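Note: the block below is protein31.cif and it holds mmCIF, C-alpha atoms.
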data_work
#
loop_
_atom_site.label_atom_id
_atom_site.label_comp_id
_atom_site.auth_asym_id
_atom_site.auth_seq_id
_atom_site.Cartn_x
_atom_site.Cartn_y
_atom_site.Cartn_z
CA MET P 27 -40.89 21.77 1.30
CA ILE P 28 -37.41 20.46 0.92
CA ASP P 29 -34.43 20.56 3.30
CA VAL P 30 -31.42 22.20 1.70
CA VAL P 31 -28.03 21.84 3.39
CA TYR P 32 -24.73 23.53 2.58
CA PHE P 33 -21.14 22.62 3.35
CA ALA P 34 -17.68 24.21 3.30
CA TRP P 35 -17.43 27.47 1.31
CA VAL P 36 -20.93 27.06 -0.11
CA ARG P 37 -22.20 27.16 3.49
CA GLU P 38 -19.95 30.12 4.33
CA ARG P 39 -21.00 32.16 1.29
CA ILE P 40 -24.69 31.52 1.81
CA GLY P 41 -24.25 32.13 5.51
CA LEU P 42 -26.25 29.24 6.88
CA PRO P 43 -25.86 25.48 7.13
CA ARG P 44 -29.45 24.44 6.47
CA GLU P 45 -32.82 25.83 5.52
CA GLN P 46 -36.23 24.72 4.34
CA VAL P 47 -37.13 25.76 0.82
CA GLU P 48 -40.48 25.90 -0.92
CA THR P 49 -39.76 25.06 -4.53
CA ASN P 50 -41.28 23.97 -7.81
CA ALA P 51 -37.89 23.02 -9.25
CA THR P 52 -37.90 19.65 -10.97
CA THR P 53 -34.12 19.23 -11.11
CA VAL P 54 -31.16 20.11 -8.93
CA ALA P 55 -30.07 22.70 -11.51
CA GLU P 56 -33.46 24.39 -11.40
CA LEU P 57 -33.23 24.58 -7.63
CA ILE P 58 -29.84 26.28 -8.02
CA ASP P 59 -31.43 28.74 -10.48
CA GLU P 60 -34.21 29.56 -8.01
CA LEU P 61 -31.82 30.01 -5.10
CA SER P 62 -29.42 32.12 -7.18
CA ALA P 63 -32.28 34.45 -8.12
CA ARG P 64 -33.09 35.09 -4.46
CA GLU P 65 -30.13 37.07 -3.20
CA GLU P 66 -26.62 38.07 -4.09
CA ARG P 67 -25.05 35.66 -1.56
CA TYR P 68 -26.73 32.68 -3.25
CA ALA P 69 -25.77 33.95 -6.70
CA LEU P 70 -22.19 34.26 -5.50
CA ALA P 71 -22.13 30.80 -3.91
CA PHE P 72 -23.48 29.18 -7.09
CA SER P 73 -21.69 31.40 -9.63
CA ASP P 74 -19.31 28.66 -10.76
CA ARG P 75 -21.54 25.69 -11.46
CA GLY P 76 -18.55 23.56 -12.35
CA ALA P 77 -17.36 23.90 -8.77
CA ILE P 78 -20.68 22.81 -7.26
CA ARG P 79 -21.41 19.22 -6.25
CA ALA P 80 -24.83 18.03 -5.10
CA ALA P 81 -26.38 15.13 -3.22
CA VAL P 82 -30.05 14.21 -3.15
CA ASP P 83 -31.05 12.33 -0.04
CA GLN P 84 -27.39 11.71 0.76
CA THR P 85 -26.48 10.30 -2.64
CA LEU P 86 -24.16 12.14 -5.04
CA VAL P 87 -25.97 13.21 -8.21
CA ASP P 88 -25.33 15.24 -11.34
CA LEU P 89 -26.83 18.72 -11.45
CA ASP P 90 -29.43 17.59 -13.97
CA ALA P 91 -30.78 14.96 -11.57
CA PRO P 92 -34.54 15.08 -10.86
CA LEU P 93 -35.83 16.36 -7.52
CA LYS P 94 -39.07 14.39 -7.44
CA GLY P 95 -39.62 12.93 -3.98
CA ALA P 96 -36.39 14.43 -2.59
CA ARG P 97 -36.40 15.29 1.10
CA GLU P 98 -32.87 16.68 1.46
CA VAL P 99 -30.64 18.32 -1.13
CA ALA P 100 -27.03 19.16 -0.29
CA PHE P 101 -24.69 21.59 -2.05
CA PHE P 102 -20.94 21.67 -1.54
CA PRO P 103 -17.61 22.10 -3.30
CA PRO P 104 -15.61 19.18 -4.71
CA MET P 105 -14.65 16.93 -1.84
CA THR P 106 -11.17 16.95 -0.37
CA GLY P 107 -11.06 14.05 2.07
CA GLY P 108 -8.47 11.32 2.44
CA MET T 23 40.78 -21.44 -4.51
CA ILE T 24 37.27 -20.12 -4.46
CA ASP T 25 34.53 -20.50 -1.84
CA VAL T 26 31.38 -22.01 -3.30
CA VAL T 27 28.15 -21.84 -1.29
CA TYR T 28 24.80 -23.50 -1.96
CA PHE T 29 21.29 -22.71 -0.78
CA ALA T 30 17.85 -24.32 -0.66
CA TRP T 31 17.42 -27.38 -2.93
CA VAL T 32 20.79 -26.80 -4.61
CA ARG T 33 22.37 -27.23 -1.16
CA GLU T 34 20.23 -30.28 -0.42
CA ARG T 35 21.01 -32.02 -3.72
CA ILE T 36 24.72 -31.40 -3.48
CA GLY T 37 24.63 -32.36 0.18
CA LEU T 38 26.73 -29.58 1.64
CA PRO T 39 26.35 -25.85 2.28
CA ARG T 40 29.85 -24.69 1.41
CA GLU T 41 33.13 -25.95 0.01
CA GLN T 42 36.41 -24.70 -1.35
CA VAL T 43 36.99 -25.39 -5.02
CA GLU T 44 40.18 -25.31 -7.06
CA THR T 45 39.14 -24.14 -10.49
CA ASN T 46 40.35 -22.71 -13.78
CA ALA T 47 36.86 -21.70 -14.82
CA THR T 48 36.68 -18.17 -16.22
CA THR T 49 32.89 -17.81 -15.96
CA VAL T 50 30.15 -18.92 -13.61
CA ALA T 51 28.83 -21.26 -16.32
CA GLU T 52 32.22 -22.91 -16.68
CA LEU T 53 32.34 -23.47 -12.94
CA ILE T 54 28.94 -25.17 -13.18
CA ASP T 55 30.31 -27.37 -15.99
CA GLU T 56 33.31 -28.39 -13.88
CA LEU T 57 31.20 -29.14 -10.81
CA SER T 58 28.61 -31.08 -12.85
CA ALA T 59 31.39 -33.27 -14.28
CA ARG T 60 32.54 -34.24 -10.80
CA GLU T 61 29.73 -36.37 -9.45
CA GLU T 62 26.14 -37.31 -10.11
CA ARG T 63 24.79 -35.19 -7.23
CA TYR T 64 26.30 -32.03 -8.79
CA ALA T 65 25.04 -32.99 -12.23
CA LEU T 66 21.57 -33.43 -10.74
CA ALA T 67 21.66 -30.15 -8.83
CA PHE T 68 22.71 -28.24 -11.96
CA SER T 69 20.70 -30.24 -14.52
CA ASP T 70 18.21 -27.42 -15.16
CA ARG T 71 20.37 -24.36 -15.78
CA GLY T 72 17.29 -22.19 -16.20
CA ALA T 73 16.42 -22.88 -12.56
CA ILE T 74 19.87 -21.90 -11.26
CA ARG T 75 20.68 -18.42 -10.00
CA ALA T 76 24.17 -17.29 -9.05
CA ALA T 77 25.88 -14.57 -7.06
CA VAL T 78 29.54 -13.61 -7.24
CA ASP T 79 30.83 -12.01 -4.06
CA GLN T 80 27.24 -11.53 -2.88
CA THR T 81 26.03 -9.80 -6.02
CA LEU T 82 23.51 -11.45 -8.36
CA VAL T 83 25.02 -12.19 -11.78
CA ASP T 84 24.10 -13.93 -15.01
CA LEU T 85 25.60 -17.35 -15.58
CA ASP T 86 27.96 -15.96 -18.22
CA ALA T 87 29.51 -13.54 -15.70
CA PRO T 88 33.32 -13.68 -15.35
CA LEU T 89 34.91 -15.27 -12.30
CA LYS T 90 38.12 -13.25 -12.33
CA GLY T 91 38.97 -12.13 -8.81
CA ALA T 92 35.91 -13.80 -7.28
CA ARG T 93 36.26 -15.02 -3.70
CA GLU T 94 32.79 -16.47 -3.16
CA VAL T 95 30.34 -17.90 -5.67
CA ALA T 96 26.83 -18.85 -4.58
CA PHE T 97 24.34 -21.13 -6.36
CA PHE T 98 20.66 -21.30 -5.52
CA PRO T 99 17.16 -21.62 -7.00
CA PRO T 100 15.03 -18.59 -7.93
CA MET T 101 14.34 -16.62 -4.78
CA THR T 102 11.00 -16.83 -3.00
CA GLY T 103 11.11 -14.18 -0.29
CA GLY T 104 8.57 -11.54 0.59
CA MET R 1 -15.48 -4.92 7.38
CA THR R 2 -15.17 -1.80 9.52
CA VAL R 3 -16.02 1.76 8.50
CA ARG R 4 -15.80 4.48 11.12
CA VAL R 5 -16.09 8.26 11.03
CA GLN R 6 -14.92 9.85 14.23
CA GLU R 7 -13.48 12.96 15.81
CA GLY R 8 -10.99 11.15 18.05
CA ASP R 9 -7.61 9.70 17.16
CA PHE R 10 -7.06 6.03 16.34
CA ASP R 11 -4.19 3.65 16.96
CA LEU R 12 -2.88 1.52 14.11
CA ALA R 13 -1.86 -1.38 16.35
CA THR R 14 -5.23 -1.53 18.09
CA GLU R 15 -7.09 -1.37 14.81
CA LEU R 16 -4.98 -4.13 13.28
CA ALA R 17 -4.93 -6.45 16.32
CA ASP R 18 -7.71 -8.66 14.95
CA PHE R 19 -7.53 -7.55 11.35
CA GLY R 20 -7.26 -9.88 8.38
CA ARG R 21 -6.92 -13.29 10.02
CA GLY R 22 -6.05 -15.91 7.44
CA ALA R 23 -4.79 -13.34 4.93
CA GLY R 24 -1.38 -13.57 3.28
CA GLY R 25 -0.82 -9.84 3.26
CA ILE R 26 -2.10 -6.64 4.79
CA VAL R 27 -1.71 -3.19 3.24
CA THR R 28 -2.32 -0.04 5.25
CA PHE R 29 -2.35 3.61 4.32
CA THR R 30 -2.29 6.27 7.01
CA GLY R 31 -2.87 9.90 6.06
CA ILE R 32 -1.17 12.53 8.21
CA VAL R 33 -1.65 16.31 8.42
CA ARG R 34 1.39 17.95 6.85
CA ASN R 35 2.47 21.45 7.64
CA ASN R 36 2.18 23.88 4.72
CA ASP R 37 5.17 25.25 2.80
CA ALA R 38 5.27 28.38 4.98
CA GLY R 39 5.35 26.20 8.09
CA ASN R 40 2.60 28.21 9.80
CA LEU R 41 -0.31 25.75 9.75
CA GLN R 42 -2.18 25.88 13.03
CA TYR R 43 -4.65 23.15 12.26
CA MET R 44 -6.68 21.54 9.52
CA GLU R 45 -10.44 21.74 10.10
CA ILE R 46 -12.23 18.80 8.53
CA GLU R 47 -15.93 19.30 7.89
CA HIS R 48 -18.15 16.45 6.79
CA TYR R 49 -21.79 15.67 6.01
CA PRO R 50 -22.77 13.45 8.92
CA ALA R 51 -25.98 12.06 7.41
CA MET R 52 -24.09 10.96 4.31
CA THR R 53 -20.51 10.18 5.27
CA GLN R 54 -20.81 6.67 6.66
CA ARG R 55 -23.06 5.57 3.83
CA ALA R 56 -20.81 7.07 1.14
CA ILE R 57 -17.73 5.36 2.56
CA GLU R 58 -19.55 2.04 2.87
CA ALA R 59 -20.53 2.26 -0.78
CA ILE R 60 -16.89 2.79 -1.74
CA ALA R 61 -15.86 -0.10 0.52
CA ASN R 62 -18.43 -2.42 -1.03
CA GLU R 63 -17.26 -1.48 -4.50
CA ALA R 64 -13.71 -2.45 -3.47
CA ARG R 65 -14.93 -5.78 -2.08
CA SER R 66 -16.71 -6.56 -5.32
CA ARG R 67 -13.63 -5.81 -7.42
CA TRP R 68 -10.91 -7.57 -5.43
CA ASP R 69 -10.53 -10.72 -3.40
CA LEU R 70 -10.36 -9.25 0.10
CA CYS R 71 -10.47 -11.08 3.44
CA ASP R 72 -10.97 -7.87 5.37
CA LEU R 73 -11.21 -4.13 4.97
CA LEU R 74 -11.03 -1.19 7.37
CA ILE R 75 -11.60 2.52 6.85
CA ILE R 76 -11.37 5.20 9.54
CA HIS R 77 -11.72 8.90 8.75
CA ARG R 78 -11.54 11.68 11.31
CA HIS R 79 -13.21 15.10 11.29
CA GLY R 80 -12.78 18.25 13.36
CA ARG R 81 -9.55 20.09 14.15
CA LEU R 82 -6.33 18.24 13.40
CA ALA R 83 -2.89 19.69 14.15
CA PRO R 84 0.16 19.09 11.93
CA GLY R 85 1.40 15.54 12.48
CA ALA R 86 -2.06 14.21 13.43
CA ARG R 87 -3.47 11.15 11.72
CA ILE R 88 -6.39 12.08 9.45
CA MET R 89 -7.48 8.69 8.23
CA MET R 90 -6.44 5.15 7.51
CA VAL R 91 -7.42 2.29 5.28
CA ALA R 92 -6.36 -1.33 5.64
CA THR R 93 -6.93 -4.19 3.23
CA ALA R 94 -6.20 -7.88 3.73
CA SER R 95 -6.00 -10.44 0.96
CA THR R 96 -4.45 -13.75 0.03
CA HIS R 97 -2.93 -11.93 -2.96
CA ARG R 98 -0.78 -8.91 -2.30
CA ALA R 99 -1.66 -7.28 -5.63
CA ASP R 100 -5.32 -7.27 -4.59
CA ALA R 101 -4.54 -5.74 -1.21
CA PHE R 102 -2.46 -2.98 -2.84
CA ALA R 103 -4.95 -2.23 -5.61
CA ALA R 104 -7.91 -2.13 -3.22
CA ALA R 105 -6.09 0.22 -0.82
CA GLU R 106 -5.21 2.62 -3.64
CA PHE R 107 -8.72 2.45 -5.01
CA LEU R 108 -10.16 3.25 -1.57
CA MET R 109 -7.82 6.23 -1.19
CA ASP R 110 -8.63 7.62 -4.63
CA TYR R 111 -12.35 7.38 -4.01
CA LEU R 112 -12.24 8.66 -0.42
CA LYS R 113 -10.38 11.74 -1.74
CA SER R 114 -13.02 12.68 -4.27
CA ARG R 115 -16.25 10.87 -3.41
CA ALA R 116 -16.59 10.93 0.37
CA PRO R 117 -18.15 14.13 1.75
CA PHE R 118 -15.20 15.69 3.57
CA TRP R 119 -13.81 19.20 3.14
CA LYS R 120 -10.53 20.47 4.53
CA LYS R 121 -9.88 24.01 5.66
CA GLU R 122 -6.32 25.06 6.30
CA VAL R 123 -6.10 27.46 9.23
CA THR R 124 -2.75 29.28 9.55
CA SER R 125 -1.62 32.08 11.83
CA ASP R 126 -3.01 34.61 9.31
CA SER R 127 -5.55 32.90 7.08
CA ALA R 128 -8.24 30.26 6.78
CA GLU R 129 -8.61 28.74 3.33
CA TRP R 130 -10.61 25.81 2.01
CA VAL R 131 -8.28 23.33 0.35
CA ALA R 132 -9.05 23.21 -3.38
CA ALA R 133 -9.69 19.84 -4.97
CA ARG R 134 -6.94 18.97 -7.39
CA GLU R 135 -7.66 17.96 -10.94
CA THR R 136 -5.24 15.08 -10.49
CA ASP R 137 -7.43 13.68 -7.71
CA GLU R 138 -10.41 13.58 -10.04
CA LYS R 139 -8.32 12.10 -12.84
CA ALA R 140 -7.02 9.41 -10.48
CA LEU R 141 -10.50 7.84 -10.61
CA ASP R 142 -10.24 7.19 -14.35
CA ARG R 143 -7.81 4.35 -13.92
CA TRP R 144 -10.30 2.16 -12.02
CA MET J 2 16.07 4.24 6.34
CA THR J 3 15.95 0.93 8.20
CA VAL J 4 16.69 -2.51 6.78
CA ARG J 5 16.69 -5.48 9.13
CA VAL J 6 16.98 -9.22 8.65
CA GLN J 7 16.10 -11.10 11.80
CA GLU J 8 14.81 -14.37 13.19
CA GLY J 9 12.52 -12.81 15.82
CA ASP J 10 9.10 -11.30 15.39
CA PHE J 11 8.47 -7.57 14.97
CA ASP J 12 5.70 -5.29 16.07
CA LEU J 13 4.14 -2.90 13.58
CA ALA J 14 3.32 -0.24 16.17
CA THR J 15 6.84 -0.23 17.60
CA GLU J 16 8.40 -0.06 14.14
CA LEU J 17 6.16 2.82 13.10
CA ALA J 18 6.39 4.83 16.33
CA ASP J 19 9.04 7.16 14.91
CA PHE J 20 8.53 6.40 11.27
CA GLY J 21 7.99 9.00 8.57
CA ARG J 22 7.84 12.23 10.54
CA GLY J 23 6.75 15.06 8.31
CA ALA J 24 5.24 12.75 5.70
CA GLY J 25 1.70 13.13 4.41
CA GLY J 26 1.12 9.42 4.08
CA ILE J 27 2.52 6.09 5.18
CA VAL J 28 1.97 2.81 3.36
CA THR J 29 2.75 -0.51 5.00
CA PHE J 30 2.68 -4.05 3.72
CA THR J 31 2.86 -6.97 6.15
CA GLY J 32 3.33 -10.48 4.81
CA ILE J 33 1.84 -13.31 6.83
CA VAL J 34 2.34 -17.10 6.64
CA ARG J 35 -0.85 -18.59 5.21
CA ASN J 36 -1.84 -22.18 5.78
CA ASN J 37 -1.82 -24.33 2.62
CA ASP J 38 -4.98 -25.52 0.87
CA ALA J 39 -4.88 -28.85 2.73
CA GLY J 40 -4.66 -26.96 6.03
CA ASN J 41 -1.76 -29.11 7.27
CA LEU J 42 1.12 -26.62 7.19
CA GLN J 43 3.29 -27.05 10.25
CA TYR J 44 5.69 -24.25 9.51
CA MET J 45 7.46 -22.36 6.77
CA GLU J 46 11.25 -22.60 6.96
CA ILE J 47 12.88 -19.49 5.53
CA GLU J 48 16.51 -19.90 4.51
CA HIS J 49 18.63 -16.95 3.48
CA TYR J 50 22.17 -16.04 2.45
CA PRO J 51 23.42 -14.10 5.47
CA ALA J 52 26.46 -12.54 3.80
CA MET J 53 24.32 -11.17 1.00
CA THR J 54 20.82 -10.53 2.36
CA GLN J 55 21.26 -7.17 4.04
CA ARG J 56 23.25 -5.79 1.12
CA ALA J 57 20.76 -7.05 -1.46
CA ILE J 58 17.82 -5.52 0.38
CA GLU J 59 19.66 -2.22 0.84
CA ALA J 60 20.32 -2.09 -2.90
CA ILE J 61 16.58 -2.57 -3.56
CA ALA J 62 15.77 0.09 -0.95
CA ASN J 63 18.20 2.57 -2.52
CA GLU J 64 16.71 1.95 -5.93
CA ALA J 65 13.27 2.79 -4.49
CA ARG J 66 14.62 5.97 -2.91
CA SER J 67 16.10 7.08 -6.21
CA ARG J 68 12.83 6.50 -8.08
CA TRP J 69 10.33 8.04 -5.68
CA ASP J 70 10.14 10.98 -3.33
CA LEU J 71 10.30 9.18 0.00
CA CYS J 72 10.74 10.69 3.49
CA ASP J 73 11.41 7.32 5.04
CA LEU J 74 11.59 3.63 4.26
CA LEU J 75 11.62 0.49 6.39
CA ILE J 76 12.14 -3.15 5.48
CA ILE J 77 12.15 -6.07 7.90
CA HIS J 78 12.41 -9.68 6.74
CA ARG J 79 12.46 -12.70 9.03
CA HIS J 80 14.12 -16.08 8.55
CA GLY J 81 13.88 -19.41 10.34
CA ARG J 82 10.72 -21.34 11.25
CA LEU J 83 7.47 -19.46 10.96
CA ALA J 84 4.11 -21.00 11.90
CA PRO J 85 0.86 -20.20 10.03
CA GLY J 86 -0.31 -16.75 11.02
CA ALA J 87 3.22 -15.49 11.78
CA ARG J 88 4.48 -12.25 10.24
CA ILE J 89 7.16 -12.95 7.62
CA MET J 90 8.14 -9.44 6.65
CA MET J 91 7.04 -5.87 6.36
CA VAL J 92 7.82 -2.81 4.32
CA ALA J 93 6.81 0.76 5.12
CA THR J 94 7.17 3.84 2.94
CA ALA J 95 6.50 7.46 3.86
CA SER J 96 6.07 10.27 1.37
CA THR J 97 4.43 13.63 0.92
CA HIS J 98 2.64 12.09 -2.08
CA ARG J 99 0.53 9.02 -1.50
CA ALA J 100 1.09 7.72 -5.03
CA ASP J 101 4.84 7.62 -4.36
CA ALA J 102 4.38 5.78 -1.08
CA PHE J 103 2.14 3.18 -2.75
CA ALA J 104 4.35 2.71 -5.80
CA ALA J 105 7.52 2.39 -3.73
CA ALA J 106 5.92 -0.18 -1.40
CA GLU J 107 4.77 -2.30 -4.34
CA PHE J 108 8.16 -1.99 -6.02
CA LEU J 109 9.90 -3.10 -2.81
CA MET J 110 7.60 -6.11 -2.49
CA ASP J 111 8.07 -7.16 -6.11
CA TYR J 112 11.85 -6.95 -5.81
CA LEU J 113 12.07 -8.57 -2.38
CA LYS J 114 10.09 -11.51 -3.80
CA SER J 115 12.48 -12.20 -6.65
CA ARG J 116 15.77 -10.44 -5.93
CA ALA J 117 16.47 -10.85 -2.21
CA PRO J 118 18.16 -14.15 -1.29
CA PHE J 119 15.38 -15.91 0.64
CA TRP J 120 13.96 -19.37 0.00
CA LYS J 121 10.82 -20.80 1.56
CA LYS J 122 10.29 -24.44 2.41
CA GLU J 123 6.80 -25.58 3.26
CA VAL J 124 6.84 -28.25 5.97
CA THR J 125 3.56 -30.10 6.42
CA SER J 126 2.64 -33.11 8.54
CA ASP J 127 3.79 -35.39 5.70
CA SER J 128 6.12 -33.45 3.39
CA ALA J 129 8.77 -30.76 3.10
CA GLU J 130 8.82 -28.93 -0.24
CA TRP J 131 10.68 -25.88 -1.45
CA VAL J 132 8.22 -23.28 -2.65
CA ALA J 133 8.63 -22.79 -6.40
CA ALA J 134 9.11 -19.28 -7.71
CA ARG J 135 6.14 -18.23 -9.78
CA GLU J 136 6.51 -16.89 -13.27
CA THR J 137 4.15 -14.07 -12.32
CA ASP J 138 6.58 -12.93 -9.63
CA GLU J 139 9.34 -12.58 -12.21
CA LYS J 140 6.99 -10.86 -14.65
CA ALA J 141 5.92 -8.42 -11.95
CA LEU J 142 9.38 -6.82 -12.24
CA ASP J 143 8.77 -5.81 -15.85
CA ARG J 144 6.39 -3.06 -14.92
CA TRP J 145 9.06 -1.03 -13.09
#

Once more with this new file: its structure as C-alpha cells, please.
Amino acid sequence: MIDVVYFAWVRERIGLPREQVETNATTVAELIDELSAREERYALAFSDRGAIRAAVDQTLVDLDAPLKGAREVAFFPPMTGG
Amino acid sequence: MIDVVYFAWVRERIGLPREQVETNATTVAELIDELSAREERYALAFSDRGAIRAAVDQTLVDLDAPLKGAREVAFFPPMTGG
Amino acid sequence: MTVRVQEGDFDLATELADFGRGAGGIVTFTGIVRNNDAGNLQYMEIEHYPAMTQRAIEAIANEARSRWDLCDLLIIHRHGRLAPGARIMMVATASTHRADAFAAAEFLMDYLKSRAPFWKKEVTSDSAEWVAARETDEKALDRW
Amino acid sequence: MTVRVQEGDFDLATELADFGRGAGGIVTFTGIVRNNDAGNLQYMEIEHYPAMTQRAIEAIANEARSRWDLCDLLIIHRHGRLAPGARIMMVATASTHRADAFAAAEFLMDYLKSRAPFWKKEVTSDSAEWVAARETDEKALDRW
C-alpha cells in the first residue's frame, strides 16, 4: 500500500486529496497508467502527462522514477509559487 | 572668471575646496594644464590624469570637453558611492 | 538562515531587524498579490504540500548558500487566501559582495517559482482558475 | 519617484510604507558600512558634491525608468560620518515583473557606485585613507 496525494487541479479533477493505493507499479509512470485505467476522472486528470509533476516521499522526481520503497507519491501541476 | 571646486584627495592635495580662476582655457584639459603649471600642489593633484574626473556645471564630462560658457568646473577622483 | 511557511502576514522591518549583521549589503524581494487585468480579483488562494514545502525550500536555500558567499538568508512564503495588495512571500540575502546578494536573491525567486510546491488559484467575482505555470518561469532556471 | 541625499539615518519600513502600490514585486538593496579586515575602522567619512548629487542621482533614476517597466523607484544616499554597521544607502524598485525590479535595482547600484559624486574615506585608529575605486566597479557598467 502506498499513500497517493493530489494537489491543485489534479486534486480537483480526481475529487479527493489523498487515498491509499494497492499497486504493483514499479515506476511513477506505471502508477499513473494504473490510476488512469481506473476511472474517467483519473484519466482526465492525467491526460496531459507533460503537465503532471510528481514527488516521491516529498522529493521531486521525473515520471520514470522508480517506486521501490516509496511511502507517499504526490501528483500535481507545475508549481506556481513565488 | 570660473568657479573651480575640488573634492576628496584632489581637494586635500590642492589644499582648498573652491576658488575662482581667471582662465583662457578652452577645454577642461587645458584648465588642468594651467592649474598644474601654477604650483607644485596642483601639479601633484593632477599628476595622474587617468585618476581625475571632471564635471562642468554639475554634469560629468570627459577631460577634452569644452569650457565655453562654464560657470563651475569640478575636479575629483573616481567616485566611490553606493 | 530562516525558512518559514505560514498563513499569516509578515513584516519586513521585523524580519530584517537582526538580519545580516556584518554584511555589506542586503537584498530583499517582496512578492505582492496584484489585481488581474479586469480588476475583479477577490483573492488568490495559495495551496501547498505541507509535508514537502519546508524541505523543498530549505534545499533551494542550501543550494544558494553553496553557490554564493552569503552571511545570511531568509525565505518566508505564505499560503491560504490573500487579497490584492497582500504580501505573498519574501526573500532576503546578505553578503559582503552586492553581486552575490543580488544573484542569490534572483536564484531563490526563480527556484521558488518553479520548484517549491505552491499552486495559486485566482478567484474573481465570476470564476476560479488555477494560475498556469509560464514557460518563461521554467526557462529562467536555465541561466543558473 | 523619490531621490534623497541626507546626513541622517533612514528606516526601511518607513520608506517602504507607501512604496510601490499596485506592483507585483519590490526589490530593495541596503548598503551597510562594513568593518575593515583589521577590524579597526572608526568610521567612514562620505563626502559628496552637494550642487550635483541630487541631479546626478535623478539622471540615473530616470535612465532606469526609461529602460524598465517600473511602478516606483526610491534612492536614498547618506553622507557624513558613518560607523561600522550603519546604513549608507538604499534603493528600492517596484514593478509588475520581478525581472525588471531586479535588473533596475542592480543597474541603479552599479551607476550610483561609479557615477554619483560620492567619495568614501576610511578612518581607522591609525590612518585615514580615501577608498580607491575598483576597476570591477567601472567594468560593471559595461553590461548595461

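If you look at atom CA of Ala51 of chain R and atom CA of Thr2 of chain R, they are 17.7 Å away from each other.
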
Chain P residues near chain R (9 Å cut-off, only C-alpha atoms) as a PyMOL selection string: chain P and resi 33-35+81+83-86+100+102-108

Selected residues, C-alpha atoms, written as a PDB file, in the coordinates of the input, please.
ATOM      1  CA  PHE P  33     -21.140  22.620   3.350  1.00  0.00           C
ATOM      2  CA  ALA P  34     -17.680  24.210   3.300  1.00  0.00           C
ATOM      3  CA  TRP P  35     -17.430  27.470   1.310  1.00  0.00           C
ATOM      4  CA  ALA P  81     -26.380  15.130  -3.220  1.00  0.00           C
ATOM      5  CA  ASP P  83     -31.050  12.330  -0.040  1.00  0.00           C
ATOM      6  CA  GLN P  84     -27.390  11.710   0.760  1.00  0.00           C
ATOM      7  CA  THR P  85     -26.480  10.300  -2.640  1.00  0.00           C
ATOM      8  CA  LEU P  86     -24.160  12.140  -5.040  1.00  0.00           C
ATOM      9  CA  ALA P 100     -27.030  19.160  -0.290  1.00  0.00           C
ATOM     10  CA  PHE P 102     -20.940  21.670  -1.540  1.00  0.00           C
ATOM     11  CA  PRO P 103     -17.610  22.100  -3.300  1.00  0.00           C
ATOM     12  CA  PRO P 104     -15.610  19.180  -4.710  1.00  0.00           C
ATOM     13  CA  MET P 105     -14.650  16.930  -1.840  1.00  0.00           C
ATOM     14  CA  THR P 106     -11.170  16.950  -0.370  1.00  0.00           C
ATOM     15  CA  GLY P 107     -11.060  14.050   2.070  1.00  0.00           C
ATOM     16  CA  GLY P 108      -8.470  11.320   2.440  1.00  0.00           C
TER      17      GLY P 108
END

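In this structure, atom CA of Leu89 of chain P sits 15.3 Å away from atom CA of Val36 of chain P.
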
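Taking atom CA of Val5 of chain R and atom CA of Gly25 of chain J as endpoints, the distance between them is 19.6 Å.
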
Around the point (2.1, -21.3, 10.6) in the file's coordinates, collect all residues with an atom within 6 Å, using all atoms listed in the file, and return them as number ranges by chain. J: 34, 43-44, 83-86

I need the residue set behind the PyMOL selection byres ((chain J) within 8 of (chain R)) for this file; please write it as an mmCIF file with C-alpha atoms, keeping the file's coordinate frame.
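Output file selection.cif follows:
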data_model
loop_
_atom_site.group_PDB
_atom_site.id
_atom_site.type_symbol
_atom_site.label_atom_id
_atom_site.label_comp_id
_atom_site.auth_asym_id
_atom_site.auth_seq_id
_atom_site.Cartn_x
_atom_site.Cartn_y
_atom_site.Cartn_z
ATOM 1 C CA LEU J 13 4.140 -2.900 13.580
ATOM 2 C CA ALA J 14 3.320 -0.240 16.170
ATOM 3 C CA ARG J 22 7.840 12.230 10.540
ATOM 4 C CA GLY J 23 6.750 15.060 8.310
ATOM 5 C CA ALA J 24 5.240 12.750 5.700
ATOM 6 C CA GLY J 25 1.700 13.130 4.410
ATOM 7 C CA GLY J 26 1.120 9.420 4.080
ATOM 8 C CA ILE J 27 2.520 6.090 5.180
ATOM 9 C CA VAL J 28 1.970 2.810 3.360
ATOM 10 C CA THR J 29 2.750 -0.510 5.000
ATOM 11 C CA PHE J 30 2.680 -4.050 3.720
ATOM 12 C CA THR J 31 2.860 -6.970 6.150
ATOM 13 C CA GLY J 32 3.330 -10.480 4.810
ATOM 14 C CA ILE J 33 1.840 -13.310 6.830
ATOM 15 C CA VAL J 34 2.340 -17.100 6.640
ATOM 16 C CA ARG J 35 -0.850 -18.590 5.210
ATOM 17 C CA ASN J 36 -1.840 -22.180 5.780
ATOM 18 C CA GLY J 86 -0.310 -16.750 11.020
ATOM 19 C CA THR J 97 4.430 13.630 0.920
ATOM 20 C CA PHE J 103 2.140 3.180 -2.750
ATOM 21 C CA GLU J 107 4.770 -2.300 -4.340
#

Given the PyMOL selection byres ((chain P and resi 45) around 7), the residues it picks as a ChimeraX atom specification: /P:29-31,44,46-47

When you look at Trp145 of chain J with a cut-off of 8 Å (counting only C-alpha atoms), what residues show up, excluding the ones that are within fewer than 2 positions of it in the same chain? I need them as a VMD selection string. chain J and resid 108 142 to 143

Taking (21.7, -20.3, -9.4) in the coordinates of the supplied file, I want to know which residues reach to within 7 Å of it, counting only C-alpha atoms; could you give the answer as an NGL selection string? :T and (73-76 or 97-99)

Do you know which residues the PyMOL selection byres ((chain T and resi 51-66) around 6) returns on this file, as a list in words? Ile36, Ala47, Thr49, Val50, Ala67, Phe68, Ser69, Leu85 and Asp86 of chain T

So which residues touch Ala96 of chain P within 7 Å, counting all atoms listed in the file, skipping near sequence neighbours fewer than 2 positions away, as JSON, numbers by chain? {"P": [82, 83, 93, 94, 98]}
